[in-house]
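Participant: Here you go, final-v7.txt (compact mmCIF, C-alpha atoms):
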# COMPACT_ATOMS: atom_id res chain seq x y z
CA MET A 1 35.66 38.74 23.91
CA ASP A 2 37.26 38.81 27.35
CA VAL A 3 38.56 35.25 27.21
CA ASP A 4 39.37 34.99 30.92
CA GLN A 5 35.88 36.10 31.92
CA TYR A 6 34.29 33.83 29.32
CA MET A 7 36.17 30.79 30.63
CA VAL A 8 35.30 31.64 34.24
CA GLU A 9 31.64 31.77 33.25
CA LEU A 10 31.93 28.37 31.57
CA GLY A 11 33.65 27.01 34.67
CA MET A 12 31.03 28.34 37.07
CA ALA A 13 28.22 26.93 34.94
CA ALA A 14 29.97 23.57 34.64
CA ARG A 15 30.50 23.34 38.40
CA ALA A 16 26.80 23.97 39.06
CA ALA A 17 25.77 21.52 36.32
CA SER A 18 28.10 18.83 37.62
CA ARG A 19 26.13 18.59 40.84
CA VAL A 20 22.89 18.06 38.92
CA VAL A 21 24.42 15.44 36.62
CA ALA A 22 26.01 13.59 39.55
CA ALA A 23 22.61 13.35 41.23
CA SER A 24 20.85 12.16 38.06
CA SER A 25 19.86 8.56 37.47
CA THR A 26 21.52 6.19 35.04
CA ALA A 27 18.31 6.12 33.03
CA VAL A 28 18.26 9.90 32.62
CA ARG A 29 21.87 10.00 31.45
CA ASN A 30 21.29 7.15 29.04
CA HIS A 31 18.19 8.87 27.63
CA ALA A 32 20.27 12.03 27.18
CA LEU A 33 22.85 10.13 25.14
CA LEU A 34 20.15 8.57 22.96
CA ALA A 35 18.48 11.97 22.53
CA VAL A 36 21.81 13.42 21.34
CA CYS A 37 22.05 10.48 18.94
CA ASP A 38 18.64 11.28 17.45
CA THR A 39 19.46 14.99 17.23
CA LEU A 40 22.76 14.38 15.45
CA ASP A 41 21.07 11.99 13.04
CA GLY A 42 18.53 14.65 12.15
CA ALA A 43 21.20 17.32 11.72
CA ARG A 44 23.39 15.53 9.16
CA ALA A 45 22.98 18.29 6.57
CA LYS A 46 23.93 21.01 9.06
CA LEU A 47 26.90 19.02 10.26
CA ALA A 48 28.05 18.52 6.67
CA ASP A 49 27.71 22.24 5.90
CA ALA A 50 29.67 23.25 9.00
CA ASN A 51 32.36 20.69 8.27
CA ALA A 52 32.63 21.88 4.67
CA GLN A 53 33.43 25.37 6.03
CA ASP A 54 36.20 23.93 8.20
CA MET A 55 37.57 21.87 5.32
CA GLU A 56 37.60 24.90 3.03
CA ARG A 57 39.47 26.98 5.61
CA GLY A 58 41.85 24.10 6.20
CA ARG A 59 42.73 23.84 2.54
CA ALA A 60 43.20 27.60 2.35
CA LYS A 61 45.64 27.36 5.27
CA ALA A 62 47.44 24.48 3.50
CA LEU A 63 46.82 21.97 6.29
CA ASP A 64 48.55 18.70 5.50
CA ALA A 65 46.61 15.72 4.15
CA PRO A 66 46.54 13.66 7.38
CA LEU A 67 45.16 16.63 9.34
CA LEU A 68 42.50 17.28 6.70
CA ASP A 69 41.57 13.60 6.80
CA ARG A 70 41.09 13.71 10.59
CA LEU A 71 39.06 16.89 10.24
CA GLU A 72 36.58 15.54 7.71
CA LEU A 73 33.14 14.41 8.90
CA THR A 74 32.06 11.85 6.32
CA PRO A 75 28.67 10.09 6.45
CA VAL A 76 30.48 6.97 7.68
CA ARG A 77 32.09 8.91 10.52
CA ILE A 78 28.74 10.41 11.50
CA ASP A 79 27.34 6.86 11.55
CA ALA A 80 30.21 5.86 13.84
CA MET A 81 29.44 8.78 16.18
CA LEU A 82 25.83 7.62 16.46
CA GLU A 83 26.87 4.02 17.06
CA GLY A 84 29.32 5.19 19.72
CA LEU A 85 26.59 7.05 21.59
CA GLN A 86 24.40 3.94 21.57
CA GLN A 87 27.28 1.79 22.80
CA VAL A 88 28.11 4.14 25.67
CA ALA A 89 24.43 4.27 26.67
CA ALA A 90 24.47 0.46 26.87
CA LEU A 91 27.56 0.28 29.11
CA PRO A 92 27.19 -0.51 32.82
CA ASP A 93 27.15 2.63 34.97
CA PRO A 94 29.96 2.65 37.56
CA VAL A 95 28.50 5.56 39.55
CA GLY A 96 27.10 4.57 42.92
CA SER A 97 28.53 1.05 42.97
CA ILE A 98 29.91 -0.03 46.36
CA SER A 99 32.83 -2.43 46.65
CA ASP A 100 35.21 -3.84 49.28
CA MET A 101 32.52 -3.74 51.98
CA ARG A 102 33.73 -5.37 55.19
CA THR A 103 32.70 -5.39 58.84
CA MET A 104 35.21 -3.95 61.32
CA PRO A 105 35.66 -4.97 65.00
CA SER A 106 33.59 -1.96 66.06
CA GLY A 107 30.66 -3.30 64.07
CA ILE A 108 30.69 -0.64 61.37
CA GLY A 109 30.63 -1.64 57.71
CA VAL A 110 33.31 0.08 55.60
CA GLY A 111 33.34 0.14 51.81
CA ARG A 112 34.05 2.33 48.82
CA MET A 113 31.56 4.00 46.50
CA ARG A 114 32.24 5.09 42.91
CA VAL A 115 31.50 8.80 42.41
CA PRO A 116 31.97 11.21 39.48
CA LEU A 117 35.13 13.31 39.29
CA GLY A 118 33.07 16.50 38.83
CA VAL A 119 34.12 18.76 35.96
CA ILE A 120 36.44 17.38 33.28
CA GLY A 121 38.20 19.65 30.81
CA ILE A 122 39.17 17.97 27.53
CA ILE A 123 41.57 19.58 25.07
CA TYR A 124 42.02 17.95 21.69
CA GLU A 125 43.00 18.59 18.08
CA SER A 126 41.34 18.35 14.68
CA ARG A 127 38.89 15.42 14.94
CA PRO A 128 35.36 16.74 15.55
CA ASN A 129 34.06 13.23 16.31
CA VAL A 130 36.06 13.41 19.56
CA THR A 131 33.57 16.06 20.71
CA VAL A 132 30.79 13.50 20.81
CA GLU A 133 32.98 10.66 22.08
CA ALA A 134 34.39 12.66 24.99
CA ALA A 135 31.06 14.26 25.90
CA SER A 136 29.27 10.90 25.99
CA LEU A 137 31.83 9.22 28.25
CA CYS A 138 31.97 12.12 30.68
CA LEU A 139 28.19 12.40 30.85
CA LYS A 140 27.67 8.66 31.32
CA ALA A 141 30.11 8.74 34.27
CA GLY A 142 28.10 11.54 35.90
CA ASN A 143 30.44 14.43 35.09
CA ALA A 144 30.09 17.82 33.49
CA THR A 145 32.65 18.60 30.80
CA ILE A 146 34.20 21.57 29.03
CA LEU A 147 35.47 20.66 25.57
CA ARG A 148 38.08 22.71 23.73
CA GLY A 149 38.63 21.37 20.23
CA GLY A 150 41.15 22.55 17.67
CA SER A 151 40.65 25.87 15.94
CA GLU A 152 40.54 24.09 12.59
CA ALA A 153 37.27 22.35 13.63
CA LEU A 154 35.50 25.38 15.12
CA ALA A 155 32.43 25.31 12.86
CA SER A 156 32.01 21.52 13.08
CA ASN A 157 32.29 21.53 16.86
CA GLY A 158 29.83 24.41 17.07
CA ALA A 159 27.26 22.45 15.08
CA ILE A 160 27.82 19.36 17.23
CA ALA A 161 27.50 21.48 20.39
CA LYS A 162 23.98 22.56 19.38
CA CYS A 163 22.98 18.89 19.07
CA LEU A 164 24.47 18.12 22.48
CA VAL A 165 22.47 20.95 24.06
CA GLN A 166 19.24 19.73 22.48
CA GLY A 167 19.84 16.22 23.78
CA LEU A 168 20.41 17.51 27.32
CA GLN A 169 17.34 19.71 27.15
CA ALA A 170 15.22 16.76 26.05
CA VAL A 171 15.72 15.02 29.41
CA GLY A 172 15.88 18.08 31.63
CA LEU A 173 19.61 18.09 32.31
CA PRO A 174 21.36 21.49 32.38
CA GLU A 175 22.84 22.71 29.10
CA ALA A 176 26.09 23.46 30.90
CA ALA A 177 26.64 19.75 31.55
CA VAL A 178 28.47 19.71 28.20
CA GLN A 179 29.99 22.97 26.96
CA VAL A 180 32.09 23.43 23.83
CA VAL A 181 34.48 26.39 23.97
CA ALA A 182 33.38 28.75 21.22
CA THR A 183 36.64 30.63 20.69
CA ALA A 184 39.83 29.66 18.89
CA ASP A 185 41.88 31.97 21.11
CA ARG A 186 44.75 29.95 22.63
CA ALA A 187 44.31 31.91 25.86
CA ALA A 188 41.18 29.83 26.48
CA VAL A 189 43.34 26.74 26.94
CA GLY A 190 45.63 28.55 29.33
CA LYS A 191 42.68 29.61 31.45
CA LEU A 192 40.93 26.23 31.35
CA ILE A 193 43.95 24.41 32.77
CA ALA A 194 44.40 26.99 35.54
CA MET A 195 40.93 26.96 37.17
CA PRO A 196 41.09 24.30 39.92
CA GLU A 197 38.14 25.96 41.61
CA TYR A 198 35.95 24.97 38.65
CA VAL A 199 37.76 22.11 36.87
CA ASP A 200 38.73 18.85 38.60
CA VAL A 201 40.83 17.18 35.93
CA ILE A 202 42.20 17.88 32.44
CA VAL A 203 42.48 15.27 29.69
CA PRO A 204 44.63 16.38 26.72
CA ARG A 205 44.26 14.39 23.50
CA GLY A 206 46.68 15.26 20.74
CA GLY A 207 50.31 15.47 19.78
CA LYS A 208 53.26 15.41 22.12
CA GLY A 209 53.71 19.20 21.90
CA LEU A 210 50.17 19.88 23.10
CA ILE A 211 50.41 17.39 25.96
CA GLU A 212 53.81 18.69 27.09
CA ARG A 213 52.46 22.24 27.20
CA ILE A 214 49.37 21.21 29.17
CA SER A 215 51.41 19.14 31.63
CA LYS A 216 53.87 21.98 32.19
CA ASP A 217 51.37 24.79 32.71
CA ALA A 218 48.33 23.10 34.28
CA LYS A 219 47.23 23.90 37.82
CA VAL A 220 44.63 21.15 37.53
CA PRO A 221 45.49 17.42 37.69
CA VAL A 222 46.15 15.99 34.20
CA ILE A 223 45.43 12.47 32.88
CA LYS A 224 47.79 11.88 29.96
CA HIS A 225 50.57 10.07 28.21
CA LEU A 226 53.35 11.73 26.21
CA ASP A 227 54.92 8.90 24.20
CA GLY A 228 54.15 5.37 23.14
CA VAL A 229 57.61 3.78 23.09
CA CYS A 230 56.31 0.21 23.25
CA HIS A 231 58.41 -2.98 23.28
CA VAL A 232 58.01 -6.64 22.42
CA TYR A 233 60.60 -9.02 23.93
CA ILE A 234 61.04 -12.44 22.30
CA ASP A 235 62.26 -14.61 25.17
CA ASP A 236 64.36 -17.79 25.13
CA GLY A 237 61.18 -19.72 25.86
CA ALA A 238 59.16 -18.27 22.97
CA ASP A 239 57.36 -20.26 20.30
CA ASP A 240 58.97 -19.06 17.05
CA LYS A 241 55.78 -18.98 14.99
CA MET A 242 53.90 -17.08 17.70
CA ALA A 243 56.80 -14.68 18.17
CA VAL A 244 56.92 -13.78 14.48
CA SER A 245 53.15 -13.32 14.31
CA ILE A 246 53.02 -11.04 17.37
CA ALA A 247 56.09 -9.00 16.41
CA VAL A 248 54.81 -8.36 12.88
CA ASN A 249 51.33 -7.40 14.07
CA ALA A 250 52.62 -5.15 16.86
CA LYS A 251 54.55 -3.06 14.32
CA ALA A 252 52.91 -3.38 10.92
CA GLN A 253 49.18 -3.60 11.69
CA ARG A 254 49.08 0.21 12.01
CA TYR A 255 51.95 2.65 12.32
CA GLY A 256 50.55 5.88 13.73
CA THR A 257 49.12 4.72 17.04
CA CYS A 258 50.51 5.03 20.55
CA ASN A 259 50.32 1.25 21.14
CA THR A 260 52.40 0.32 18.09
CA MET A 261 55.70 -1.43 18.92
CA GLU A 262 58.69 0.84 18.35
CA THR A 263 61.50 -1.42 19.68
CA LEU A 264 61.85 -5.18 19.29
CA LEU A 265 64.07 -7.05 21.77
CA VAL A 266 65.21 -10.60 20.97
CA ALA A 267 67.00 -13.06 23.28
CA GLU A 268 70.34 -14.01 21.73
CA SER A 269 69.42 -17.69 21.75
CA LYS A 270 66.44 -16.89 19.47
CA ALA A 271 67.99 -14.24 17.25
CA ALA A 272 69.32 -16.51 14.49
CA ALA A 273 66.01 -18.36 14.24
CA VAL A 274 63.55 -15.47 14.24
CA LEU A 275 65.29 -12.31 13.03
CA PRO A 276 65.78 -13.37 9.37
CA ARG A 277 62.13 -14.44 9.21
CA LEU A 278 61.01 -11.19 10.78
CA ALA A 279 63.24 -9.17 8.47
CA GLU A 280 61.56 -10.78 5.48
CA ALA A 281 58.09 -9.97 6.82
CA TYR A 282 59.06 -6.40 7.69
CA ALA A 283 60.61 -5.88 4.25
CA ALA A 284 57.34 -7.02 2.65
CA ALA A 285 55.52 -4.45 4.80
CA GLY A 286 58.01 -1.70 3.95
CA VAL A 287 59.39 -1.41 7.49
CA GLU A 288 62.91 -0.01 7.89
CA LEU A 289 65.02 -1.75 10.54
CA ARG A 290 67.60 -0.01 12.73
CA GLY A 291 69.56 -2.53 14.74
CA CYS A 292 72.31 -3.19 17.22
CA PRO A 293 75.57 -4.73 15.85
CA ARG A 294 74.33 -8.31 16.37
CA THR A 295 71.07 -7.47 14.57
CA VAL A 296 72.94 -5.97 11.60
CA ALA A 297 75.14 -9.08 11.43
CA LEU A 298 72.04 -11.28 11.11
CA VAL A 299 70.04 -8.85 8.95
CA PRO A 300 72.41 -7.04 6.55
CA ALA A 301 69.56 -4.86 5.26
CA ALA A 302 69.24 -3.24 8.70
CA THR A 303 71.05 0.03 9.37
CA ALA A 304 73.03 0.63 12.53
CA ALA A 305 70.95 2.02 15.37
CA ILE A 306 72.08 5.05 17.35
CA GLU A 307 71.25 5.87 20.97
CA GLN A 308 68.28 8.06 19.99
CA ASP A 309 66.60 5.11 18.25
CA TRP A 310 65.97 3.40 21.59
CA HIS A 311 64.09 6.53 22.78
CA GLU A 312 62.12 7.09 19.60
CA GLU A 313 58.38 6.93 19.02
CA TYR A 314 58.53 6.70 15.23
CA LEU A 315 54.80 6.51 14.43
CA ALA A 316 56.09 5.34 11.06
CA PRO A 317 57.34 2.16 9.31
CA VAL A 318 60.62 2.22 11.23
CA LEU A 319 61.60 -0.28 13.94
CA ALA A 320 64.55 -0.41 16.34
CA VAL A 321 65.84 -3.95 17.02
CA ARG A 322 68.21 -5.11 19.74
CA VAL A 323 69.53 -8.55 20.60
CA VAL A 324 69.79 -8.95 24.38
CA ALA A 325 71.53 -11.57 26.51
CA ASP A 326 68.50 -12.61 28.54
CA LEU A 327 65.33 -11.56 30.36
CA GLN A 328 67.29 -9.47 32.86
CA GLN A 329 68.81 -7.33 30.11
CA ALA A 330 65.43 -7.04 28.36
CA ILE A 331 63.78 -5.73 31.53
CA GLU A 332 66.65 -3.30 32.12
CA HIS A 333 66.33 -1.98 28.56
CA ILE A 334 62.56 -1.55 28.83
CA ASN A 335 62.67 0.18 32.20
CA THR A 336 65.38 2.50 30.84
CA TYR A 337 63.83 3.45 27.49
CA SER A 338 60.11 2.64 27.73
CA SER A 339 57.55 5.42 28.04
CA GLN A 340 55.63 3.13 30.44
CA HIS A 341 52.81 2.67 27.94
CA THR A 342 52.69 -0.98 26.80
CA ASP A 343 55.31 -3.75 26.79
CA SER A 344 54.95 -7.42 25.94
CA ILE A 345 56.91 -10.67 26.37
CA VAL A 346 56.57 -13.70 24.10
CA THR A 347 57.42 -16.85 26.08
CA ARG A 348 56.18 -20.27 27.11
CA ASP A 349 58.13 -20.08 30.38
CA HIS A 350 55.66 -19.28 33.16
CA GLY A 351 58.27 -18.14 35.66
CA ARG A 352 59.89 -15.68 33.28
CA ALA A 353 56.48 -14.42 32.19
CA MET A 354 55.49 -13.72 35.79
CA ARG A 355 58.79 -11.96 36.44
CA PHE A 356 58.20 -9.75 33.38
CA LEU A 357 54.74 -8.81 34.70
CA ARG A 358 56.14 -7.90 38.10
CA GLU A 359 59.24 -6.00 37.07
CA VAL A 360 58.26 -4.08 33.93
CA ASP A 361 56.91 -0.73 35.11
CA SER A 362 54.35 0.14 32.43
CA SER A 363 50.63 0.88 32.34
CA SER A 364 49.96 -2.30 30.33
CA VAL A 365 52.23 -5.37 30.56
CA MET A 366 51.40 -8.35 28.34
CA ILE A 367 52.27 -12.01 27.88
CA ASN A 368 52.04 -13.50 24.39
CA ALA A 369 49.96 -10.68 22.91
CA SER A 370 50.45 -7.80 20.50
CA THR A 371 50.84 -4.34 21.98
CA ARG A 372 48.15 -3.18 19.52
CA LEU A 373 45.62 -4.75 21.87
CA ALA A 374 46.28 -2.05 24.50
CA ASP A 375 42.95 -0.32 23.97
CA GLY A 376 39.87 0.40 26.04
CA PHE A 377 37.54 -1.49 23.68
CA GLU A 378 39.86 -4.52 23.54
CA TYR A 379 40.09 -4.49 27.36
CA GLY A 380 36.32 -4.65 27.70
CA LEU A 381 35.91 -1.06 28.86
CA GLY A 382 33.50 -0.36 25.99
CA ALA A 383 35.23 2.89 25.12
CA GLU A 384 38.07 5.04 26.36
CA ILE A 385 38.84 8.72 26.81
CA GLY A 386 42.56 8.05 26.29
CA ILE A 387 45.57 6.22 27.69
CA SER A 388 47.23 7.22 30.94
CA THR A 389 50.84 6.46 31.82
CA ASP A 390 50.52 8.30 35.13
CA LYS A 391 50.67 6.31 38.36
CA LEU A 392 47.98 8.14 40.32
CA HIS A 393 44.24 7.72 39.85
CA ALA A 394 43.98 6.14 36.40
CA ARG A 395 46.60 4.07 34.56
CA GLY A 396 46.32 2.48 31.12
CA PRO A 397 43.18 2.85 28.98
CA VAL A 398 40.79 5.26 30.75
CA GLY A 399 37.17 4.17 30.45
CA LEU A 400 34.09 5.07 32.46
CA GLU A 401 35.58 3.86 35.74
CA GLY A 402 38.65 6.04 35.12
CA LEU A 403 36.33 9.06 34.92
CA THR A 404 35.16 8.40 38.47
CA SER A 405 36.80 8.42 41.88
CA GLN A 406 36.02 6.57 45.09
CA LYS A 407 34.94 7.70 48.52
CA PHE A 408 34.72 5.69 51.71
CA VAL A 409 31.22 4.91 52.95
CA VAL A 410 30.53 3.74 56.49
CA LEU A 411 27.38 1.89 57.58
CA GLY A 412 26.66 1.92 61.28
CA GLU A 413 23.97 1.14 63.79
CA GLY A 414 24.80 3.66 66.47
CA GLN A 415 28.47 2.80 66.99
CA ILE A 416 30.64 5.35 68.80
CA ARG A 417 34.36 5.34 69.44
CA SER A 418 35.39 4.53 73.00
Using the file provided, produce a representation of the structure as structure tokens.

Facilitator:
Amino acid sequence: MDVDQYMVELGMAARAASRVVAASSTAVRNHALLAVCDTLDGARAKLADANAQDMERGRAKALDAPLLDRLELTPVRIDAMLEGLQQVAALPDPVGSISDMRTMPSGIGVGRMRVPLGVIGIIYESRPNVTVEAASLCLKAGNATILRGGSEALASNGAIAKCLVQGLQAVGLPEAAVQVVATADRAAVGKLIAMPEYVDVIVPRGGKGLIERISKDAKVPVIKHLDGVCHVYIDDGADDKMAVSIAVNAKAQRYGTCNTMETLLVAESKAAAVLPRLAEAYAAAGVELRGCPRTVALVPAATAAIEQDWHEEYLAPVLAVRVVADLQQAIEHINTYSSQHTDSIVTRDHGRAMRFLREVDSSSVMINASTRLADGFEYGLGAEIGISTDKLHARGPVGLEGLTSQKFVVLGEGQIRS
């Protein structure tokens, strides 16, 4: 296979299909999603067979247990894929909505209309259910998409791709509206991220190494985040019970997610009251603490933190803890070490809470809430394609609206400029 030529052909087909999808009605796109749902439901045996091939190859290649777990398509995960399609079909359609309409002195009306981005390339690893999730969100938002899954899921993604095509055909949308790259050759990724004439945006979903490579080499705009170095700051004005509850949940509810707290900051006036209680809760959860000198003095079981700990996204039962003088020092620490993902303050002081919101430069900034709530579903977006820590276009959880852009629309009645 000539990979470059193959990817150009996919790009050309996607560009043509994107115009058809953008012009389609909400009802047609919703019917397509429900048709895909029915097709997947009827293809359970084929999906299981294809996934068994991937699992067998994965074991032969000695893939580690977490990767094999993400790769597996269990009946429960297929059920979740079907439920996800139904949920996306039920979401409000942002495409075509007009906002900020106002009348100017000339008499013209000026507003903004939501429009699809065009062609979205999505690059991801291992989990075949992402194929359906990403395709459904892009299609609902009026886009065409090119999906490049991990080589370990090639057979599973191929089987899912056939179901996607059948669903599109059922409502008369072009097959190229959703295309799954059918080669494991890494050159396909390199070409996909370097075709701005055919691809409008790239969304990488995977480990830091993948995202760094995409960000470095892409000639197409990228929506992404690299790290989730998230903080919780327990302020002087915090309620102790609330602070302990939030800090435990933010770290111990789940370790391997990008919105898990990795550094806890505690105002020195609160440290003696809350740190021993937190240490007990973290010990029960098996969390290792790495602390500043004042933390170690209050929690002897903690080990001394080094500079790297403040930069670290552990994705594991390890937590860095620092006692800070006040809100000012907490904000300075966060803006120095945060990955601009999600940071939270626990306080009953309204003024300090508002200052934290204004001055912490992250994609999600919270008051009295666990960082684990930084999620498209929890934010009422229905679903998300990922989290963005970029400052242009989309920031934070990227839902349907994040997969669209805006254009100015002008309504006139014969006005001319004098």

Participant: Any chance you could tabulate, as CSV, the residues of stretch 196-289 of chain A at most 12 Å from stretch 380-386 of chain A with each one's nearest atom pair and distance in Å to one decimal, using all atoms listed in the file, in chain and rising number order?

Facilitator:
residue,atom,partner,partner_atom,distance
A:Ile202,CA,A:Ile385,CA,11.3
A:Val203,CA,A:Gly386,CA,8.0
A:Pro204,CA,A:Gly386,CA,8.6
A:Arg205,CA,A:Gly386,CA,7.1
A:Gly206,CA,A:Gly386,CA,10.0
A:Val222,CA,A:Gly386,CA,11.8
A:Ile223,CA,A:Gly386,CA,8.4
A:Lys224,CA,A:Gly386,CA,7.4
A:His225,CA,A:Gly386,CA,8.5
A:Leu226,CA,A:Gly386,CA,11.4
A:Thr257,CA,A:Gly386,CA,11.8
A:Cys258,CA,A:Gly386,CA,10.3
A:Asn259,CA,A:Gly386,CA,11.5

Participant: Considering only C-alpha atoms, return as a list in words whatever protein or nucleic-acid residues lie within 7 Å of stretch 345-349 of chain A, sequence-local ones (same chain, fewer than 5 positions apart) excluded.

Facilitator: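 Returned residues: Val232, Tyr233, Ile234, Asp235, Gly237, Ala238, Asp239, Ala243, Met366, Ile367 and Asn368 of chain A.
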
Participant: So that I can check the surroundings of A:Pro196, please list as a VMD selection string every protein, DNA and RNA residue that reaches within 7 Å of it, counting all atoms listed in the file and ignoring chain neighbours fewer than 3 positions away.

Facilitator: chain A and resid 199 to 200 219 to 220

Participant: Select from stretch 135-170 of chain A every residue with an atom at most 10 Å from any atom of stretch 32-52 of chain A, then for each give the shortest pair of atoms and their distance in Å to one decimal, using only C-alpha atoms, rows by chain and rising number, as CSV.

Facilitator:
residue,atom,partner,partner_atom,distance
A:Ala135,CA,A:Leu33,CA,9.2
A:Ser136,CA,A:Leu33,CA,6.5
A:Leu137,CA,A:Leu33,CA,9.5
A:Leu139,CA,A:Leu33,CA,8.1
A:Lys140,CA,A:Leu33,CA,8.0
A:Glu152,CA,A:Asn51,CA,9.9
A:Ala153,CA,A:Asn51,CA,7.5
A:Leu154,CA,A:Ala50,CA,8.7
A:Ala155,CA,A:Ala50,CA,5.2
A:Ser156,CA,A:Asn51,CA,4.9
A:Asn157,CA,A:Ala50,CA,8.5
A:Gly158,CA,A:Ala50,CA,8.2
A:Ala159,CA,A:Leu47,CA,5.9
A:Ile160,CA,A:Leu47,CA,7.0
A:Ala161,CA,A:Leu40,CA,9.9
A:Lys162,CA,A:Thr39,CA,9.1
A:Cys163,CA,A:Thr39,CA,5.6
A:Leu164,CA,A:Val36,CA,5.5
A:Val165,CA,A:Val36,CA,8.0
A:Gln166,CA,A:Val36,CA,6.9
A:Gly167,CA,A:Val36,CA,4.2
A:Leu168,CA,A:Ala32,CA,5.5
A:Gln169,CA,A:Ala32,CA,8.2
A:Ala170,CA,A:Ala35,CA,6.8

Participant: Grab the atom CA of A:Ala176 to atom CA of A:Leu10 distance for me, in Å with one decimal place.

Facilitator: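 We find that atom CA of A:Ala176 and atom CA of A:Leu10 lie 7.7 Å from each other.
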
Participant: Any idea what the distance is between atom CA of A:Gln308 and atom CA of A:His333?

Facilitator: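 So the answer is 13.3 Å.
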
Participant: Nearest to A:His311 among A:Ile120, A:Ala247, A:Gly256, A:Cys230, with distances taken over all atoms listed in the file: which residue is it?

Facilitator: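 Once distances to A:His311 are computed over all atoms listed in the file, the minimum belongs to A:Cys230.
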
Participant: Tell me which of A:Val201, A:Lys216, A:Ala22, A:Phe356 sits closest to A:Pro94, counting all atoms listed in the file.

Facilitator: A:Ala22

Participant: Between A:Ile214, A:Ile78, A:Ala353, A:Leu289, which is the closest to A:Tyr314 once you count all atoms listed in the file?

Facilitator: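 So, comparing all the options, the nearest one is A:Leu289.
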
Participant: Between atom CA of A:Glu125 and atom CA of A:Gly402, what is the spacing in Å?

Facilitator: 21.6 Å

Participant: Around (49.8, 0.5, 25.9), as given in the file, which residues come within 6 Å? Count only C-alpha atoms and list them as a count of residues only.

Facilitator: 5

Participant: Considering all atoms listed in the file, return as an NGL selection string whatever protein or nucleic-acid residues lie within 6 Å of A:Ile387, sequence-local ones (same chain, fewer than 2 positions apart) excluded.

Facilitator: :A and (396-398)

Participant: Since we have the selection now, will you write its residues out, keeping C-alpha atoms, as an mmCIF file, in the coordinates of the input?

Facilitator:
data_model
loop_
_atom_site.group_PDB
_atom_site.id
_atom_site.type_symbol
_atom_site.label_atom_id
_atom_site.label_comp_id
_atom_site.auth_asym_id
_atom_site.auth_seq_id
_atom_site.Cartn_x
_atom_site.Cartn_y
_atom_site.Cartn_z
ATOM 1 C CA GLY A 396 46.320 2.480 31.120
ATOM 2 C CA PRO A 397 43.180 2.850 28.980
ATOM 3 C CA VAL A 398 40.790 5.260 30.750
#

Participant: Can you write out as a tab-separated table which residues of stretch 242-316 of chain A fall within 10 Å of stretch 321-327 of chain A, alongside each residue's closest atom pair and its distance in Å to one decimal, counting only C-alpha atoms and ordering rows by chain and ascending residue number?

Facilitator:
residue	atom	partner	partner_atom	distance
A:Glu262	CA	A:Val321	CA	8.7
A:Thr263	CA	A:Val321	CA	5.7
A:Leu264	CA	A:Val321	CA	4.8
A:Leu265	CA	A:Arg322	CA	5.0
A:Val266	CA	A:Val323	CA	4.8
A:Ala267	CA	A:Val324	CA	5.1
A:Glu268	CA	A:Ala325	CA	5.5
A:Ser269	CA	A:Ala325	CA	8.0
A:Lys270	CA	A:Val323	CA	9.0
A:Ala271	CA	A:Val323	CA	6.8
A:Leu275	CA	A:Val321	CA	9.3
A:Leu289	CA	A:Val321	CA	6.9
A:Arg290	CA	A:Val321	CA	6.1
A:Gly291	CA	A:Val321	CA	4.6
A:Cys292	CA	A:Arg322	CA	5.2
A:Pro293	CA	A:Arg322	CA	8.3
A:Arg294	CA	A:Val323	CA	6.4
A:Thr295	CA	A:Val323	CA	6.3
A:Val296	CA	A:Val321	CA	9.2
A:Ala302	CA	A:Val321	CA	9.0
A:Ala304	CA	A:Val321	CA	9.6
A:Ala305	CA	A:Val321	CA	8.0
A:Asp309	CA	A:Val321	CA	9.2
A:Trp310	CA	A:Val321	CA	8.7

Participant: Give me the residues within 8 Å of stretch 408-418 of chain A as JSON, numbers by chain, counting only C-alpha atoms and dropping any in the same chain fewer than 2 places off.

Facilitator: {"A": [106, 107, 108, 109, 110, 111, 112, 113, 406]}

Participant: With distances taken over only C-alpha atoms, which residue among A:Ala320, A:Val115, A:Met104, A:Ala141 lies nearest A:Ile306?

Facilitator: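 Closest to A:Ile306 of all the choices is A:Ala320.
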
Participant: Do a neighbour search on stretch 178-185 of chain A at 6 Å with only C-alpha atoms, toss out local chain neighbours closer than 3 positions, and write the hits as a PyMOL selection string.

Facilitator: chain A and resi 144-148+151+188
